[in-house]
>>> print(open('entry10.txt').read())   # compact mmCIF, C-alpha atoms
# COMPACT_ATOMS: atom_id res chain seq x y z
CA MET A 1 117.63 101.31 133.65
CA LYS A 2 115.60 99.03 131.35
CA HIS A 3 116.18 99.39 127.62
CA VAL A 4 113.17 99.26 125.32
CA THR A 5 113.48 96.43 122.80
CA ALA A 6 112.81 96.71 119.08
CA GLY A 7 109.88 94.33 119.54
CA GLU A 8 108.33 96.59 122.19
CA LEU A 9 108.75 99.61 119.94
CA SER A 10 107.23 97.67 117.03
CA LYS A 11 104.22 96.71 119.14
CA LYS A 12 103.76 100.32 120.24
CA ALA A 13 104.00 101.52 116.61
CA ALA A 14 101.43 98.92 115.48
CA GLU A 15 98.99 100.18 118.10
CA ASP A 16 99.43 103.82 117.02
CA LYS A 17 96.33 104.94 115.05
CA THR A 18 97.68 108.41 114.22
CA LYS A 19 97.52 109.38 110.53
CA TYR A 20 100.98 110.56 109.42
CA ASP A 21 101.77 112.68 106.36
CA ALA A 22 103.94 110.45 104.12
CA LEU A 23 105.86 113.48 102.81
CA GLU A 24 106.73 114.55 106.36
CA VAL A 25 107.88 111.03 107.22
CA GLY A 26 110.00 110.94 104.05
CA HIS A 27 111.66 114.26 104.89
CA TYR A 28 112.36 113.05 108.43
CA MET A 29 113.92 109.82 107.15
CA ALA A 30 116.13 111.81 104.76
CA GLU A 31 117.47 114.25 107.36
CA ASP A 32 120.62 112.32 108.27
CA ILE A 33 121.26 110.41 105.05
CA GLU A 34 124.32 112.47 104.09
CA GLU A 35 125.92 111.76 107.48
CA HIS A 36 125.43 108.01 106.99
CA LEU A 37 126.68 108.13 103.39
CA TYR A 38 129.94 109.66 104.60
CA GLU A 39 130.18 107.08 107.41
CA ALA A 40 130.04 104.40 104.70
CA VAL A 41 132.70 106.27 102.72
CA ALA A 42 134.96 106.34 105.81
CA ASN A 43 134.51 102.58 106.22
CA TYR A 44 135.28 101.74 102.57
CA ARG A 45 137.63 104.53 101.44
CA ASN A 46 140.83 102.59 102.16
CA ILE A 47 139.40 99.26 101.02
CA ILE A 48 138.23 100.24 97.54
CA ASP A 49 141.18 100.83 95.23
CA GLU A 50 139.41 103.14 92.77
CA ASN A 51 139.37 106.95 92.60
CA GLU A 52 135.59 106.94 92.22
CA PHE A 53 133.15 104.50 93.72
CA CYS A 54 129.45 104.16 94.46
CA VAL A 55 127.90 104.85 97.84
CA VAL A 56 124.63 102.96 98.19
CA MET A 57 121.63 103.32 100.47
CA VAL A 58 118.97 100.63 100.47
CA ILE A 59 115.70 100.77 102.39
CA ALA A 60 114.77 97.26 103.50
CA LYS A 61 112.01 95.74 105.58
CA ASP A 62 113.07 93.69 108.58
CA SER A 63 112.36 89.98 108.24
CA MET A 64 111.55 89.57 111.95
CA ILE A 65 109.75 92.77 112.89
CA LYS A 66 106.81 93.51 110.57
CA ASN A 67 106.70 97.31 110.73
CA LEU A 68 110.45 97.98 111.00
CA ILE A 69 112.30 99.56 108.10
CA ARG A 70 116.09 99.65 107.98
CA ARG A 71 118.40 101.84 105.96
CA LYS A 72 121.59 100.09 104.90
CA PHE A 73 124.65 101.99 103.66
CA TYR A 74 127.62 100.48 101.83
CA CYS A 75 130.02 101.13 98.94
CA TRP A 76 130.97 99.30 95.73
CA PRO A 77 133.76 99.96 93.21
CA TYR A 78 131.21 99.55 90.39
CA LEU A 79 127.62 100.41 89.54
CA PRO A 80 125.49 98.14 91.73
CA LYS A 81 122.57 96.24 90.31
CA PRO A 82 119.57 98.59 90.38
CA ARG A 83 116.77 97.58 92.71
CA PRO A 84 113.68 99.15 94.26
CA ASN A 85 114.17 101.33 97.34
CA GLN A 86 117.76 102.13 96.42
CA ALA A 87 119.72 105.37 96.14
CA VAL A 88 123.22 105.45 94.61
CA PHE A 89 125.74 108.27 94.75
CA LEU A 90 129.19 108.75 93.19
CA TYR A 91 132.10 109.50 95.53
CA ASN A 92 135.41 110.96 94.34
CA LYS A 93 138.49 110.28 96.53
CA GLN A 94 140.58 113.16 95.11
CA LEU A 95 137.83 115.68 95.85
CA ASP A 96 136.85 113.80 99.03
CA LYS A 97 133.18 114.32 98.34
CA ILE A 98 130.06 112.85 96.85
CA THR A 99 129.90 114.42 93.42
CA LYS A 100 126.70 113.01 91.92
CA ARG A 101 123.40 111.42 92.78
CA LEU A 102 123.37 108.67 90.20
CA TRP A 103 119.85 107.38 90.84
CA VAL A 104 117.07 107.01 93.36
CA LEU A 105 114.59 104.21 92.76
CA PRO A 106 111.32 104.07 94.73
CA SER A 107 109.40 100.96 95.76
CA ASP A 108 108.66 98.33 93.12
CA MET A 109 104.99 99.35 92.93
CA VAL A 110 105.86 103.03 92.40
CA MET A 111 108.52 102.11 89.82
CA ALA A 112 105.96 100.10 87.86
CA GLU A 113 103.46 102.93 88.06
CA LEU A 114 106.01 105.53 86.96
CA ALA A 115 107.12 103.35 84.04
CA GLY A 116 103.55 102.83 82.82
CA THR A 117 102.68 104.00 79.34
CA ASN A 118 101.41 107.55 78.94
CA VAL A 119 101.89 108.37 82.64
CA ILE A 120 102.28 112.09 83.23
CA VAL A 121 104.07 112.96 86.45
CA ASP A 122 104.87 116.10 88.41
CA LYS A 123 108.15 117.75 87.37
CA HIS A 124 109.77 116.54 90.63
CA TYR A 125 109.28 112.91 89.57
CA GLU A 126 110.38 113.11 85.92
CA THR A 127 113.94 111.92 86.62
CA MET A 128 112.71 109.05 88.79
CA GLN A 129 110.27 108.15 86.03
CA ALA A 130 113.08 108.09 83.46
CA TRP A 131 115.16 105.80 85.72
CA SER A 132 112.17 103.50 86.20
CA VAL A 133 111.49 103.32 82.46
CA ALA A 134 115.18 102.54 81.77
CA PHE A 135 115.07 99.84 84.45
CA PHE A 136 112.07 98.07 82.92
CA LYS A 137 113.36 98.47 79.34
CA GLY A 138 116.66 96.82 80.31
CA VAL A 139 118.81 99.82 79.34
CA PHE A 140 119.53 101.09 82.83
CA TRP A 141 123.36 101.18 82.64
CA GLU A 142 123.38 102.90 79.28
CA TYR A 143 120.91 105.49 80.53
CA ILE A 144 122.81 106.22 83.77
CA ARG A 145 126.17 106.47 82.00
CA HIS A 146 124.74 108.83 79.39
CA GLU A 147 122.85 110.94 81.93
CA HIS A 148 125.90 111.46 84.17
CA ASN A 149 128.62 111.28 81.50
CA ILE A 150 130.43 108.47 83.33
CA ARG A 151 132.05 105.22 82.20
CA MET A 152 131.92 103.25 85.45
CA PRO A 153 131.39 99.53 84.87
CA SER A 154 128.52 97.47 86.21
CA GLU A 155 129.25 94.68 88.69
CA HIS A 156 129.47 92.06 85.93
CA GLU A 157 131.69 94.26 83.74
CA TYR A 158 133.94 95.05 86.71
CA PHE A 159 134.43 91.36 87.56
CA LEU A 160 135.18 90.52 83.93
CA ALA A 161 137.75 93.34 83.73
CA HIS A 162 139.43 92.19 86.97
CA ARG A 163 138.98 88.45 86.44
CA GLU A 164 142.67 87.48 86.33
CA GLU A 165 143.65 89.44 89.44
CA LEU A 166 140.65 88.02 91.32
CA ILE A 167 141.71 84.48 90.38
CA LYS A 168 145.30 85.22 91.50
CA ALA A 169 143.91 86.55 94.78
CA GLY A 170 142.28 83.18 95.43
CA CYS A 171 138.79 83.58 94.02
CA LYS A 172 137.64 80.41 92.33
CA VAL A 173 136.11 80.23 88.89
CA VAL A 174 132.84 78.34 89.23
CA ASP A 175 131.66 76.01 86.49
CA PRO A 176 127.93 76.78 86.16
CA ALA A 177 127.29 73.29 84.76
CA ILE A 178 128.28 71.68 88.09
CA PRO A 179 125.63 71.91 90.82
CA PHE A 180 126.69 73.38 94.17
CA VAL A 181 127.12 70.76 96.88
CA ASP A 182 127.80 71.76 100.48
>>> encode(input="entry10.txt", output="C-alpha cells")
Amino acid sequence: MKHVTAGELSKKAAEDKTKYDALEVGHYMAEDIEEHLYEAVANYRNIIDENEFCVVMVIAKDSMIKNLIRRKFYCWPYLPKPRPNQAVFLYNKQLDKITKRLWVLPSDMVMAELAGTNVIVDKHYETMQAWSVAFFKGVFWEYIRHEHNIRMPSEHEYFLAHREELIKAGCKVVDPAIPFVD
C-alpha cells in the first residue's frame, strides 16, 4: 500500500479551488487541541520541577511545504515570550488539570489591526484585543499577571532567579562582549 506524501497532499490542496469558511476551518483545527495539550503535559510533567507551568501551542508555517500549517505543543516552567499565532495555558500538577487560558494571540496582521487606535471589536474579540494592545505597548507580562492574578516569572526572570543552580548544573555564562565563534 502506497502512502501519500505531504508534498502530494500539498499539491492537491493547492489545486483545490473550493471556497472554505474560515470560521469552520478554525473550529475544525481547534477540535483536538485539548487532547494535544494534555499529551504535552504528559511529556513534560516529570521534567518540569514546578507545581504550575505553561502549556504552549504555536501555529507555524512549514518552511518546505508552502500551504502546510503545523501546530506545535510544548511546556515551559515560565511565561514564554509572547508571539503571534500562540496560545498559552496554565497547568497545575496538584489539580492535574489546565486551570487557565492565559492568552491566545492571533496572526501578526490581526494583532496589529486589533491594537490599532479607536478599533471597536465584537465582544468575542475584546480579550484578544487587550492582549494585543498590551503586547505592542510592552506591558504584556504585567497585564497577564494582573488579569489572571498570577506571579509566574517570564523566561528572563526565571533564568535570573535560577542562575546559580543553572551554572552549577553546567550551563555556561556567556560574555555578550565576546563574539560567538564555532
>>> closest_residue(input="entry10.txt", among="A:Thr117, A:Val55, A:Val139, A:Val41", to="Pro80 (chain A)", atoms="only C-alpha atoms")
A:Val55
>>> residues_around(input="entry10.txt", residues="region 142-154 of chain A", least_positions_apart="6", cutoff="8 Å", atoms="all atoms listed in the file", output="list in words")
Tyr78, Leu79, Pro80, Lys81, Lys100, Leu102, Trp103, Trp131 and Ala134 of chain A
>>> atom_distance(input="entry10.txt", atom1="CA of Glu165 (chain A)", atom2="CA of Ile47 (chain A)")
15.8 Å
>>> residues_around(input="entry10.txt", residues="Glu35 (chain A)", least_positions_apart="3", cutoff="12 Å", atoms="only C-alpha atoms", output="short mmCIF file (atom, residue, chain, number, x, y, z; two decimals) with C-alpha atoms, in the coordinates of the input")
data_model
loop_
_atom_site.label_atom_id
_atom_site.label_comp_id
_atom_site.auth_asym_id
_atom_site.auth_seq_id
_atom_site.Cartn_x
_atom_site.Cartn_y
_atom_site.Cartn_z
CA ALA A 30 116.13 111.81 104.76
CA GLU A 31 117.47 114.25 107.36
CA ASP A 32 120.62 112.32 108.27
CA TYR A 38 129.94 109.66 104.60
CA GLU A 39 130.18 107.08 107.41
CA ALA A 40 130.04 104.40 104.70
CA VAL A 41 132.70 106.27 102.72
CA ALA A 42 134.96 106.34 105.81
CA MET A 57 121.63 103.32 100.47
CA PHE A 73 124.65 101.99 103.66
CA LYS A 97 133.18 114.32 98.34
CA ILE A 98 130.06 112.85 96.85
#
>>> closest_residue(input="entry10.txt", among="A:Lys93, A:Lys168, A:His3, A:Lys61", to="Ile48 (chain A)", atoms="all atoms listed in the file")
A:Lys93
>>> build_atoms(input="entry10.txt", residues="region 101-114 of chain A", atoms="N, CA and C atoms", output="mmCIF file, in the coordinates of the input")
data_model
loop_
_atom_site.group_PDB
_atom_site.id
_atom_site.type_symbol
_atom_site.label_atom_id
_atom_site.label_comp_id
_atom_site.auth_asym_id
_atom_site.auth_seq_id
_atom_site.Cartn_x
_atom_site.Cartn_y
_atom_site.Cartn_z
ATOM 1 N N ARG A 101 124.462 112.368 92.430
ATOM 2 C CA ARG A 101 123.400 111.420 92.780
ATOM 3 C C ARG A 101 123.128 110.682 91.485
ATOM 4 N N LEU A 102 123.517 109.414 91.443
ATOM 5 C CA LEU A 102 123.370 108.670 90.200
ATOM 6 C C LEU A 102 121.932 108.254 89.950
ATOM 7 N N TRP A 103 121.267 107.712 90.975
ATOM 8 C CA TRP A 103 119.850 107.380 90.840
ATOM 9 C C TRP A 103 119.211 107.165 92.196
ATOM 10 N N VAL A 104 117.898 107.308 92.197
ATOM 11 C CA VAL A 104 117.070 107.010 93.360
ATOM 12 C C VAL A 104 115.852 106.264 92.822
ATOM 13 N N LEU A 105 115.722 105.004 93.214
ATOM 14 C CA LEU A 105 114.590 104.210 92.760
ATOM 15 C C LEU A 105 113.614 104.019 93.927
ATOM 16 N N PRO A 106 112.336 104.250 93.687
ATOM 17 C CA PRO A 106 111.320 104.070 94.730
ATOM 18 C C PRO A 106 110.945 102.598 94.889
ATOM 19 N N SER A 107 109.875 102.331 95.588
ATOM 20 C CA SER A 107 109.400 100.960 95.760
ATOM 21 C C SER A 107 109.048 100.340 94.410
ATOM 22 N N ASP A 108 108.967 99.023 94.368
ATOM 23 C CA ASP A 108 108.660 98.330 93.120
ATOM 24 C C ASP A 108 107.307 98.749 92.537
ATOM 25 N N MET A 109 106.327 98.948 93.405
ATOM 26 C CA MET A 109 104.990 99.350 92.930
ATOM 27 C C MET A 109 105.043 100.745 92.299
ATOM 28 N N VAL A 110 105.755 101.660 92.927
ATOM 29 C CA VAL A 110 105.860 103.030 92.400
ATOM 30 C C VAL A 110 106.667 103.020 91.105
ATOM 31 N N MET A 111 107.744 102.219 91.060
ATOM 32 C CA MET A 111 108.520 102.110 89.820
ATOM 33 C C MET A 111 107.642 101.649 88.670
ATOM 34 N N ALA A 112 106.836 100.632 88.913
ATOM 35 C CA ALA A 112 105.960 100.100 87.860
ATOM 36 C C ALA A 112 104.948 101.154 87.421
ATOM 37 N N GLU A 113 104.426 101.880 88.384
ATOM 38 C CA GLU A 113 103.460 102.930 88.060
ATOM 39 C C GLU A 113 104.110 104.048 87.252
ATOM 40 N N LEU A 114 105.304 104.468 87.668
ATOM 41 C CA LEU A 114 106.010 105.530 86.960
ATOM 42 C C LEU A 114 106.377 105.119 85.534
#
